[in-house]
$ cat structure.txt   # compact mmCIF, C-alpha atoms
# COMPACT_ATOMS: atom_id res chain seq x y z
CA MET A 1 33.27 3.89 24.45
CA LYS A 2 29.75 3.26 23.12
CA LYS A 3 28.33 5.98 25.41
CA LEU A 4 31.07 8.37 24.30
CA MET A 5 30.29 7.75 20.62
CA THR A 6 26.59 8.31 21.26
CA LEU A 7 27.34 11.58 23.03
CA LEU A 8 29.56 12.71 20.16
CA ALA A 9 26.81 11.89 17.65
CA VAL A 10 24.29 13.93 19.63
CA CYS A 11 26.70 16.87 19.88
CA LEU A 12 27.45 16.72 16.14
CA ALA A 13 23.77 16.68 15.26
CA THR A 14 23.10 19.58 17.62
CA ALA A 15 25.99 21.56 16.16
CA CYS A 16 24.66 21.03 12.64
CA LEU A 17 21.21 22.20 13.70
CA CYS A 18 22.41 25.32 15.49
CA SER A 19 25.45 26.36 13.47
CA CYS A 20 23.51 28.81 11.34
CA GLY A 21 22.05 30.56 14.39
CA LYS A 22 18.50 29.78 13.25
CA ASN A 23 15.89 27.68 14.98
CA PHE A 24 13.33 25.73 12.95
CA ARG A 25 10.77 25.66 15.74
CA ALA A 26 10.94 29.39 16.44
CA ALA A 27 10.99 30.32 12.76
CA SER A 28 7.80 28.42 12.02
CA LEU A 29 5.95 29.98 14.95
CA LYS A 30 7.10 33.42 13.83
CA ASN A 31 5.37 32.71 10.53
CA GLY A 32 2.11 31.60 12.13
CA PHE A 33 2.30 27.81 11.82
CA ARG A 34 3.55 24.91 13.89
CA SER A 35 6.27 22.63 12.60
CA GLY A 36 6.02 18.98 13.54
CA MET A 37 6.95 15.38 12.88
CA ALA A 38 5.36 11.97 13.04
CA ILE A 39 7.37 9.97 15.54
CA THR A 40 7.45 6.56 17.23
CA PRO A 41 7.72 5.77 20.96
CA GLY A 42 11.27 4.57 20.28
CA ASP A 43 12.26 8.05 19.11
CA LEU A 44 11.61 9.34 22.62
CA TYR A 45 14.30 7.00 23.97
CA ASP A 46 16.92 8.02 21.39
CA GLU A 47 19.01 11.04 22.36
CA THR A 48 19.76 12.22 18.82
CA SER A 49 16.11 11.96 17.80
CA LYS A 50 15.01 13.84 20.90
CA LYS A 51 17.45 16.68 20.13
CA ILE A 52 16.01 16.99 16.64
CA ILE A 53 12.43 16.92 17.90
CA LYS A 54 13.10 19.57 20.53
CA ASN A 55 14.79 21.84 18.02
CA ASP A 56 12.31 21.44 15.17
CA CYS A 57 8.87 20.69 16.57
CA ASN A 58 5.94 22.57 18.07
CA ILE A 59 3.48 19.73 17.41
CA LEU A 60 3.85 15.94 17.48
CA VAL A 61 1.86 13.01 16.18
CA TYR A 62 2.43 9.29 16.40
CA GLU A 63 2.91 7.58 13.06
CA ASN A 64 0.97 4.46 14.11
CA ASN A 65 0.41 4.19 17.85
CA MET A 66 -2.87 6.09 17.96
CA LYS A 67 -4.47 3.96 15.25
CA CYS A 68 -7.20 1.64 16.40
CA GLY A 69 -5.47 -1.70 15.86
CA VAL A 70 -2.37 -0.63 17.78
CA LEU A 71 -4.16 1.29 20.51
CA ARG A 72 -6.82 -1.36 21.10
CA PRO A 73 -5.71 -4.78 19.84
CA ASN A 74 -8.70 -6.44 21.48
CA LYS A 75 -12.04 -5.43 22.95
CA LYS A 76 -10.85 -5.18 26.55
CA PHE A 77 -7.29 -3.81 26.33
CA TRP A 78 -6.30 -0.20 25.62
CA ASN A 79 -2.57 0.50 25.18
CA TRP A 80 -2.37 3.90 26.86
CA SER A 81 1.31 3.69 27.79
CA ASP A 82 2.64 4.86 24.40
CA ILE A 83 0.23 7.81 24.31
CA ASP A 84 1.00 8.80 27.88
CA LEU A 85 4.72 8.76 27.07
CA LEU A 86 4.12 11.21 24.22
CA VAL A 87 1.91 13.41 26.40
CA LYS A 88 4.61 13.62 29.08
CA PHE A 89 7.31 14.52 26.56
CA ALA A 90 5.14 17.10 24.79
CA GLN A 91 4.08 18.78 28.02
CA GLU A 92 7.67 18.97 29.26
CA ASN A 93 8.71 20.63 26.00
CA LYS A 94 5.65 22.85 25.46
CA MET A 95 4.46 21.07 22.32
CA ALA A 96 0.98 20.38 21.02
CA ILE A 97 -0.23 16.87 20.12
CA LYS A 98 -2.34 15.82 17.16
CA TRP A 99 -4.28 12.55 17.36
CA HIS A 100 -3.98 10.42 14.24
CA THR A 101 -6.49 8.96 13.73
CA LEU A 102 -9.82 8.07 15.32
CA PHE A 103 -11.22 6.26 12.26
CA TRP A 104 -9.52 4.78 9.19
CA HIS A 105 -10.11 1.93 6.78
CA GLN A 106 -6.80 0.30 7.69
CA GLN A 107 -5.07 -0.88 10.91
CA ASN A 108 -8.36 -1.61 12.61
CA SER A 109 -8.87 -3.81 15.64
CA PRO A 110 -9.81 -7.39 14.69
CA PHE A 111 -13.02 -7.31 16.71
CA LEU A 112 -14.54 -4.61 14.47
CA SER A 113 -17.16 -6.12 12.17
CA SER A 114 -18.63 -5.03 8.87
CA TYR A 115 -21.67 -7.15 9.77
CA TRP A 116 -22.73 -5.00 12.70
CA SER A 117 -26.08 -3.25 12.58
CA ARG A 118 -26.11 0.52 12.33
CA GLU A 119 -26.95 0.73 16.04
CA GLU A 120 -24.07 -1.58 17.03
CA ALA A 121 -21.59 0.34 14.89
CA LEU A 122 -22.73 3.71 16.26
CA ALA A 123 -22.34 2.41 19.81
CA GLU A 124 -18.80 1.22 19.06
CA MET A 125 -17.91 4.52 17.38
CA ASP A 126 -19.26 6.52 20.32
CA GLU A 127 -17.36 4.37 22.81
CA HIS A 128 -14.11 4.84 20.89
CA ILE A 129 -14.52 8.62 20.71
CA THR A 130 -15.67 9.03 24.29
CA THR A 131 -12.99 6.82 25.84
CA ILE A 132 -10.12 8.57 24.04
CA MET A 133 -11.30 12.16 24.11
CA THR A 134 -12.45 12.06 27.73
CA ARG A 135 -9.07 10.69 28.83
CA TYR A 136 -7.14 13.40 26.94
CA LYS A 137 -9.60 16.28 27.22
CA GLY A 138 -7.69 19.54 27.44
CA ILE A 139 -4.44 17.70 26.70
CA ILE A 140 -4.62 16.68 23.05
CA SER A 141 -5.59 19.76 21.10
CA GLU A 142 -6.59 18.39 17.70
CA TYR A 143 -7.80 15.19 16.09
CA ASP A 144 -7.85 13.62 12.66
CA VAL A 145 -11.38 12.35 13.21
CA VAL A 146 -11.56 10.42 9.93
CA ASN A 147 -8.66 9.58 7.65
CA GLU A 148 -8.90 8.88 3.90
CA MET A 149 -12.62 8.82 3.35
CA PHE A 150 -12.55 9.26 -0.46
CA ASN A 151 -11.54 7.19 -3.46
CA ASP A 152 -9.32 8.80 -6.08
CA ASP A 153 -12.33 9.57 -8.29
CA GLY A 154 -14.00 11.53 -5.48
CA THR A 155 -16.54 8.90 -4.49
CA MET A 156 -16.88 7.89 -0.85
CA ARG A 157 -14.67 5.02 0.28
CA GLU A 158 -16.85 2.16 1.50
CA ASN A 159 -14.96 1.42 4.72
CA ILE A 160 -16.33 -0.51 7.68
CA TRP A 161 -18.12 2.56 9.07
CA TYR A 162 -19.67 3.47 5.73
CA LYS A 163 -20.94 -0.09 5.33
CA THR A 164 -22.41 -0.36 8.82
CA ILE A 165 -23.60 3.19 9.52
CA GLY A 166 -23.90 4.83 6.13
CA PRO A 167 -22.43 7.98 4.54
CA ASP A 168 -23.42 10.06 7.58
CA TYR A 169 -20.83 8.26 9.75
CA ILE A 170 -18.42 11.19 9.34
CA GLU A 171 -21.00 13.75 10.41
CA HIS A 172 -21.90 11.60 13.41
CA ALA A 173 -18.24 11.22 14.43
CA LEU A 174 -17.63 14.98 14.24
CA ILE A 175 -20.73 15.81 16.28
CA LYS A 176 -19.86 13.23 18.94
CA ALA A 177 -16.23 14.35 19.13
CA HIS A 178 -17.29 17.97 19.60
CA GLU A 179 -19.75 16.92 22.27
CA VAL A 180 -17.03 15.12 24.25
CA ASP A 181 -14.38 17.87 23.92
CA PRO A 182 -15.78 21.15 22.60
CA ASP A 183 -12.34 22.79 22.66
CA ALA A 184 -10.56 20.22 20.51
CA LYS A 185 -9.99 21.05 16.85
CA LEU A 186 -11.49 18.48 14.50
CA TYR A 187 -9.95 17.63 11.13
CA LEU A 188 -10.68 15.37 8.18
CA ASN A 189 -7.45 14.07 6.66
CA GLU A 190 -6.79 12.85 3.11
CA TYR A 191 -4.10 12.32 0.46
CA THR A 192 -4.10 13.74 -3.08
CA ASN A 193 -6.51 16.44 -1.94
CA GLU A 194 -4.16 19.40 -2.20
CA GLU A 195 -4.72 20.66 -5.77
CA MET A 196 -7.97 22.36 -6.71
CA GLY A 197 -9.36 20.59 -9.79
CA HIS A 198 -8.38 17.09 -8.72
CA PRO A 199 -11.52 14.93 -8.29
CA LYS A 200 -10.63 14.00 -4.72
CA ALA A 201 -9.67 17.56 -3.76
CA ASP A 202 -12.94 18.93 -5.13
CA ALA A 203 -14.95 16.17 -3.48
CA MET A 204 -13.34 16.93 -0.13
CA TYR A 205 -13.98 20.66 -0.49
CA ASN A 206 -17.63 20.19 -1.48
CA PHE A 207 -18.17 17.70 1.34
CA VAL A 208 -16.61 19.95 3.96
CA LYS A 209 -18.42 23.03 2.66
CA ASP A 210 -21.71 21.19 3.05
CA LEU A 211 -20.82 20.21 6.63
CA LYS A 212 -19.87 23.80 7.40
CA ASP A 213 -23.04 25.18 5.81
CA ARG A 214 -25.16 22.85 7.94
CA GLY A 215 -23.38 23.73 11.17
CA VAL A 216 -21.61 20.39 11.65
CA PRO A 217 -18.55 21.02 13.86
CA ILE A 218 -15.34 20.92 11.82
CA ASN A 219 -12.24 23.06 12.14
CA GLY A 220 -10.03 22.02 9.28
CA VAL A 221 -8.70 19.70 6.63
CA GLY A 222 -5.46 17.77 6.56
CA MET A 223 -3.58 17.61 3.27
CA GLN A 224 -1.13 14.75 3.58
CA LEU A 225 1.17 15.86 0.74
CA HIS A 226 3.03 12.62 0.11
CA LEU A 227 4.63 14.03 -3.03
CA ASP A 228 6.97 12.69 -5.72
CA THR A 229 9.47 14.75 -7.71
CA THR A 230 8.60 12.77 -10.84
CA ILE A 231 4.90 13.69 -10.63
CA PRO A 232 3.93 17.27 -11.58
CA CYS A 233 2.74 19.47 -8.73
CA SER A 234 1.08 22.85 -9.21
CA GLU A 235 1.73 25.58 -6.66
CA ASP A 236 -1.07 27.64 -8.18
CA ALA A 237 -3.60 24.81 -7.78
CA ILE A 238 -2.56 24.23 -4.16
CA ARG A 239 -2.78 27.95 -3.39
CA ALA A 240 -6.22 28.19 -4.99
CA ASN A 241 -7.39 25.28 -2.86
CA LEU A 242 -6.01 26.89 0.30
CA GLU A 243 -7.74 30.14 -0.57
CA ARG A 244 -11.17 28.59 -0.95
CA TYR A 245 -10.83 26.85 2.42
CA ASN A 246 -9.73 30.15 3.92
CA GLU A 247 -12.94 31.71 2.63
CA LEU A 248 -14.85 29.04 4.56
CA GLY A 249 -12.92 29.91 7.71
CA LEU A 250 -11.29 26.48 7.82
CA GLU A 251 -7.76 25.66 8.91
CA ILE A 252 -5.34 23.50 6.94
CA SER A 253 -2.67 21.14 8.18
CA PHE A 254 0.06 19.97 5.82
CA SER A 255 -0.26 16.81 7.77
CA GLU A 256 2.04 14.04 6.46
CA VAL A 257 4.64 15.74 4.29
CA ASP A 258 7.37 13.84 2.51
CA ILE A 259 8.72 14.25 -1.02
CA ARG A 260 10.19 11.09 -2.47
CA ILE A 261 12.81 10.90 -5.20
CA PRO A 262 14.27 8.05 -7.28
CA THR A 263 17.04 6.37 -5.30
CA GLY A 264 18.96 5.01 -8.30
CA GLU A 265 21.00 6.77 -10.94
CA LYS A 266 18.48 9.62 -11.25
CA LYS A 267 18.71 10.57 -7.59
CA GLU A 268 21.11 13.50 -8.01
CA GLU A 269 19.14 15.13 -10.82
CA ASN A 270 15.99 15.03 -8.68
CA LEU A 271 17.48 16.70 -5.60
CA PRO A 272 16.98 20.28 -6.90
CA LYS A 273 13.33 19.51 -7.68
CA GLN A 274 12.81 18.05 -4.22
CA GLN A 275 14.27 21.17 -2.64
CA GLU A 276 12.11 23.39 -4.82
CA MET A 277 8.97 21.49 -3.79
CA TYR A 278 9.79 21.51 -0.08
CA VAL A 279 10.54 25.23 -0.10
CA MET A 280 7.30 25.85 -2.00
CA LEU A 281 5.23 24.10 0.68
CA TYR A 282 6.82 25.99 3.55
CA LYS A 283 6.51 29.24 1.60
CA LEU A 284 2.78 28.57 1.20
CA ALA A 285 2.55 27.88 4.93
CA LYS A 286 4.18 31.26 5.57
CA GLU A 287 1.92 33.14 3.21
CA MET A 288 -1.47 31.51 3.75
CA PRO A 289 -3.02 32.44 7.10
CA ASN A 290 -5.09 29.26 7.39
CA VAL A 291 -2.14 26.85 7.16
CA LYS A 292 -1.63 26.10 10.84
CA SER A 293 0.88 23.24 10.77
CA VAL A 294 3.44 21.50 8.58
CA ILE A 295 4.17 17.97 9.80
CA THR A 296 6.74 15.75 8.10
CA TRP A 297 5.88 12.06 8.10
CA GLY A 298 8.87 10.91 10.09
CA ILE A 299 12.13 12.32 11.36
CA SER A 300 14.61 10.87 8.90
CA ASP A 301 15.11 8.60 5.91
CA LYS A 302 16.30 5.89 8.30
CA HIS A 303 12.78 4.76 9.20
CA SER A 304 10.63 6.33 6.46
CA TRP A 305 7.69 4.31 5.17
CA VAL A 306 8.45 5.38 1.58
CA PRO A 307 11.03 2.80 0.33
CA ALA A 308 8.87 -0.13 1.42
CA THR A 309 5.80 1.33 -0.28
CA PHE A 310 7.24 2.86 -3.47
CA ALA A 311 9.83 0.64 -5.13
CA GLY A 312 12.93 2.55 -6.21
CA LYS A 313 11.88 5.69 -4.34
CA GLY A 314 13.03 7.18 -1.03
CA ASP A 315 15.19 9.92 0.56
CA ALA A 316 11.92 11.74 1.19
CA LEU A 317 12.59 13.61 4.46
CA LEU A 318 14.75 16.47 5.72
CA TYR A 319 17.21 14.27 7.62
CA ASP A 320 19.32 11.44 6.18
CA THR A 321 19.71 7.88 7.45
CA LYS A 322 22.40 9.04 9.91
CA LEU A 323 20.00 11.64 11.39
CA GLN A 324 21.96 14.49 9.85
CA PRO A 325 20.14 17.49 8.30
CA LYS A 326 20.33 17.46 4.50
CA PRO A 327 20.83 20.51 2.23
CA VAL A 328 17.05 20.58 1.71
CA TYR A 329 16.66 21.13 5.47
CA THR A 330 18.89 24.20 5.29
CA ALA A 331 16.97 25.52 2.28
CA VAL A 332 13.66 25.20 4.14
CA LEU A 333 15.10 26.75 7.30
CA ASN A 334 16.44 29.69 5.28
CA GLU A 335 13.00 30.18 3.71
CA ILE A 336 11.09 30.28 6.99
CA SER A 337 13.78 32.40 8.66
CA LYS A 338 13.48 35.28 6.16
$ encode --input "structure.txt" --output "structure tokens"
Amino acid sequence: MKKLMTLLAVCLATACLCSCGKNFRAASLKNGFRSGMAITPGDLYDETSKKIIKNDCNILVYENNMKCGVLRPNKKFWNWSDIDLLVKFAQENKMAIKWHTLFWHQQNSPFLSSYWSREEALAEMDEHITTIMTRYKGIISEYDVVNEMFNDDGTMRENIWYKTIGPDYIEHALIKAHEVDPDAKLYLNEYTNEEMGHPKADAMYNFVKDLKDRGVPINGVGMQLHLDTTIPCSEDAIRANLERYNELGLEISFSEVDIRIPTGEKKEENLPKQQEMYVMLYKLAKEMPNVKSVITWGISDKHSWVPATFAGKGDALLYDTKLQPKPVYTAVLNEISK
């Protein structure tokens, strides 16, 4: 009986996805960008989740399993099994993979030390890059080389690599990554960097422009876009930011999209705003030639990081807790299918 109920759930989800005769994955490619999701290894063992991924995604990223502390919990052990599982699934289904992330200020391995000398830290950084990118050369097509390198006021975040190497740690990481896999696309990823005029957005742009001007290898910028319906968001400011990156010849990934709403009594009144904001982002992806991917940060509200991080907020993704597409999903699909 349990197997029968599971099969019925999968069939129902598939019927909901295909009833309109439109395909999310094909529609996004038609408009020049890849659609994707952040997933977990467990999603690849769940039949309903796999159906959704196959229907919706051209690019996949792990939510946590590529981060240093999970991938390499100690100096000697590398947990390749989760990554290899994703590679196998993506190859079987003709999907790209984005690595998230080589370097971040959180979820680091416990053996990393802020007391290392510059030379020790550079050696560790080079080993990390070389080990990963050699193993997956020609397989993983793009990398978030560094994640969240700025403070909200636009100053550099003093993470472990900044403290041990100095502000040129990002430049060094990009150069080394390009040396190991010249064909891989290299991104810098950040949150609250989508609107031109915001201190962090302008700091990111100026930093990347300087790298580009000096010939440092970089292909694009990730805009996480963890948005909130109760916080104003300017389409014009986002478009202006995209345009100035386009002038530099740099790609953009909408890299961690979710749009949270209040989950209490104000939930219903925020649903139209959430739909408006989601449709706006996918419309920008259609219209702006340098937006190359739109990746939602999770499959469904069932396992979203949002409720645990933002009290009283949630329902941030396109699928509900029962893995059913929500009206906002249909609105987005209609937009990219025009």
$ closest_residue --input "structure.txt" --among "A:Ala38, A:Ile52, A:Leu188, A:Ile160" --to "Val208 (chain A)" --atoms "all atoms listed in the file"
A:Leu188
$ closest_residue --input "structure.txt" --among "A:Ala308, A:Ile139, A:Ala96, A:Leu333" --to "Lys286 (chain A)" --atoms "all atoms listed in the file"
A:Leu333
$ closest_residue --input "structure.txt" --among "A:Met125, A:Leu284, A:Leu227, A:Val87" --to "Leu317 (chain A)" --atoms "only C-alpha atoms"
A:Leu227
$ closest_residue --input "structure.txt" --among "A:Trp116, A:Phe103, A:His128, A:Asp210" --to "Asn159 (chain A)" --atoms "all atoms listed in the file"
A:Phe103
$ atom_distance --input "structure.txt" --atom1 "CA of Tyr282 (chain A)" --atom2 "CA of Ser300 (chain A)"
17.8 Å
$ closest_residue --input "structure.txt" --among "A:Ile259, A:His303, A:Gly220, A:Val279" --to "Ser337 (chain A)" --atoms "only C-alpha atoms"
A:Val279
$ atom_distance --input "structure.txt" --atom1 "CA of Glu124 (chain A)" --atom2 "CA of Gly222 (chain A)"
24.7 Å
$ residues_around --input "structure.txt" --residues "Cys57 (chain A)" --least-positions-apart "4" --cutoff "12 Å" --atoms "only C-alpha atoms" --output "number ranges by chain"
A: 23-29, 33-39, 49-53, 61, 89-90, 93-97, 293-296, 298-299
$ closest_residue --input "structure.txt" --among "A:Ile165, A:Ile129, A:Leu242, A:Ala201" --to "Asp153 (chain A)" --atoms "all atoms listed in the file"
A:Ala201
$ residues_around --input "structure.txt" --residues "Lys313 (chain A)" --least-positions-apart "5" --cutoff "10 Å" --atoms "all atoms listed in the file" --output "list in words"
Asp228, Thr229, Ile259, Arg260, Ile261, Pro262, Thr263, Gly264, Lys267, Val306, Pro307 and Ala308 of chain A
$ atom_distance --input "structure.txt" --atom1 "CA of Leu186 (chain A)" --atom2 "CA of Tyr143 (chain A)"
5.2 Å
$ residues_around --input "structure.txt" --residues "Phe150 (chain A)" --least-positions-apart "3" --cutoff "8 Å" --atoms "only C-alpha atoms" --output "MDAnalysis selection string"
chainID A and resid 153:157 190 200 203:204
$ residues_near_point --input "structure.txt" --point "(-5.1, -0.8, 13.9)" --cutoff "8 Å" --atoms "all atoms listed in the file" --output "list in words"
Lys67, Cys68, Gly69, Val70, Leu71, Arg72, Pro73, Gln106, Gln107, Asn108 and Ser109 of chain A
$ residues_around --input "structure.txt" --residues "Glu243 (chain A)" --least-positions-apart "6" --cutoff "12 Å" --atoms "all atoms listed in the file" --output "JSON, numbers by chain"
{"A": [194, 195, 196, 205, 236, 237, 249, 250, 251, 252, 284, 285, 287, 288, 289, 290, 291]}
$ residues_around --input "structure.txt" --residues "His178 (chain A)" --least-positions-apart "3" --cutoff "12 Å" --atoms "all atoms listed in the file" --output "mmCIF file with C-alpha atoms, keeping the file's coordinate frame"
data_model
loop_
_atom_site.group_PDB
_atom_site.id
_atom_site.type_symbol
_atom_site.label_atom_id
_atom_site.label_comp_id
_atom_site.auth_asym_id
_atom_site.auth_seq_id
_atom_site.Cartn_x
_atom_site.Cartn_y
_atom_site.Cartn_z
ATOM 1 C CA ASP A 126 -19.260 6.520 20.320
ATOM 2 C CA ILE A 129 -14.520 8.620 20.710
ATOM 3 C CA THR A 130 -15.670 9.030 24.290
ATOM 4 C CA MET A 133 -11.300 12.160 24.110
ATOM 5 C CA THR A 134 -12.450 12.060 27.730
ATOM 6 C CA LYS A 137 -9.600 16.280 27.220
ATOM 7 C CA SER A 141 -5.590 19.760 21.100
ATOM 8 C CA GLU A 142 -6.590 18.390 17.700
ATOM 9 C CA TYR A 143 -7.800 15.190 16.090
ATOM 10 C CA VAL A 145 -11.380 12.350 13.210
ATOM 11 C CA GLU A 171 -21.000 13.750 10.410
ATOM 12 C CA HIS A 172 -21.900 11.600 13.410
ATOM 13 C CA ALA A 173 -18.240 11.220 14.430
ATOM 14 C CA LEU A 174 -17.630 14.980 14.240
ATOM 15 C CA ILE A 175 -20.730 15.810 16.280
ATOM 16 C CA ASP A 181 -14.380 17.870 23.920
ATOM 17 C CA PRO A 182 -15.780 21.150 22.600
ATOM 18 C CA ASP A 183 -12.340 22.790 22.660
ATOM 19 C CA ALA A 184 -10.560 20.220 20.510
ATOM 20 C CA LYS A 185 -9.990 21.050 16.850
ATOM 21 C CA LEU A 186 -11.490 18.480 14.500
ATOM 22 C CA TYR A 187 -9.950 17.630 11.130
ATOM 23 C CA GLY A 215 -23.380 23.730 11.170
ATOM 24 C CA VAL A 216 -21.610 20.390 11.650
ATOM 25 C CA PRO A 217 -18.550 21.020 13.860
ATOM 26 C CA ILE A 218 -15.340 20.920 11.820
ATOM 27 C CA ASN A 219 -12.240 23.060 12.140
#
$ decode --input "structure.txt" --residues "region 129-168 of chain A" --atoms "C-alpha atoms" --output "PDB file, in the first residue's frame"
ATOM      1  CA  ILE A 129      41.226  24.279  -5.583  1.00  0.00           C
ATOM      2  CA  THR A 130      43.515  21.803  -7.306  1.00  0.00           C
ATOM      3  CA  THR A 131      42.063  18.701  -5.651  1.00  0.00           C
ATOM      4  CA  ILE A 132      38.454  19.600  -6.492  1.00  0.00           C
ATOM      5  CA  MET A 133      38.874  21.114  -9.926  1.00  0.00           C
ATOM      6  CA  THR A 134      41.261  18.443 -11.190  1.00  0.00           C
ATOM      7  CA  ARG A 135      38.849  15.697 -10.123  1.00  0.00           C
ATOM      8  CA  TYR A 136      35.889  17.354 -11.876  1.00  0.00           C
ATOM      9  CA  LYS A 137      37.679  18.999 -14.790  1.00  0.00           C
ATOM     10  CA  GLY A 138      35.395  19.018 -17.809  1.00  0.00           C
ATOM     11  CA  ILE A 139      32.515  17.758 -15.665  1.00  0.00           C
ATOM     12  CA  ILE A 140      31.536  20.656 -13.416  1.00  0.00           C
ATOM     13  CA  SER A 141      31.114  23.671 -15.648  1.00  0.00           C
ATOM     14  CA  GLU A 142      31.034  26.590 -13.211  1.00  0.00           C
ATOM     15  CA  TYR A 143      32.157  27.494  -9.720  1.00  0.00           C
ATOM     16  CA  ASP A 144      31.245  29.985  -7.037  1.00  0.00           C
ATOM     17  CA  VAL A 145      34.899  30.577  -6.234  1.00  0.00           C
ATOM     18  CA  VAL A 146      34.231  32.874  -3.274  1.00  0.00           C
ATOM     19  CA  ASN A 147      30.912  33.391  -1.525  1.00  0.00           C
ATOM     20  CA  GLU A 148      29.891  36.494   0.449  1.00  0.00           C
ATOM     21  CA  MET A 149      33.092  38.482   0.508  1.00  0.00           C
ATOM     22  CA  PHE A 150      31.543  41.861   1.453  1.00  0.00           C
ATOM     23  CA  ASN A 151      29.919  43.397   4.509  1.00  0.00           C
ATOM     24  CA  ASP A 152      26.621  45.223   4.057  1.00  0.00           C
ATOM     25  CA  ASP A 153      28.405  48.594   3.962  1.00  0.00           C
ATOM     26  CA  GLY A 154      30.579  47.464   1.046  1.00  0.00           C
ATOM     27  CA  THR A 155      33.764  46.856   3.020  1.00  0.00           C
ATOM     28  CA  MET A 156      35.602  43.557   2.642  1.00  0.00           C
ATOM     29  CA  ARG A 157      34.550  40.803   5.033  1.00  0.00           C
ATOM     30  CA  GLU A 158      37.531  39.776   7.154  1.00  0.00           C
ATOM     31  CA  ASN A 159      37.134  36.016   6.798  1.00  0.00           C
ATOM     32  CA  ILE A 160      39.841  33.443   7.478  1.00  0.00           C
ATOM     33  CA  TRP A 161      41.389  33.919   4.029  1.00  0.00           C
ATOM     34  CA  TYR A 162      41.400  37.705   4.280  1.00  0.00           C
ATOM     35  CA  LYS A 163      43.090  37.484   7.681  1.00  0.00           C
ATOM     36  CA  THR A 164      45.766  35.007   6.615  1.00  0.00           C
ATOM     37  CA  ILE A 165      46.422  35.970   2.984  1.00  0.00           C
ATOM     38  CA  GLY A 166      45.141  39.510   2.644  1.00  0.00           C
ATOM     39  CA  PRO A 167      42.619  41.227   0.355  1.00  0.00           C
ATOM     40  CA  ASP A 168      44.234  39.662  -2.721  1.00  0.00           C
TER      41      ASP A 168
END
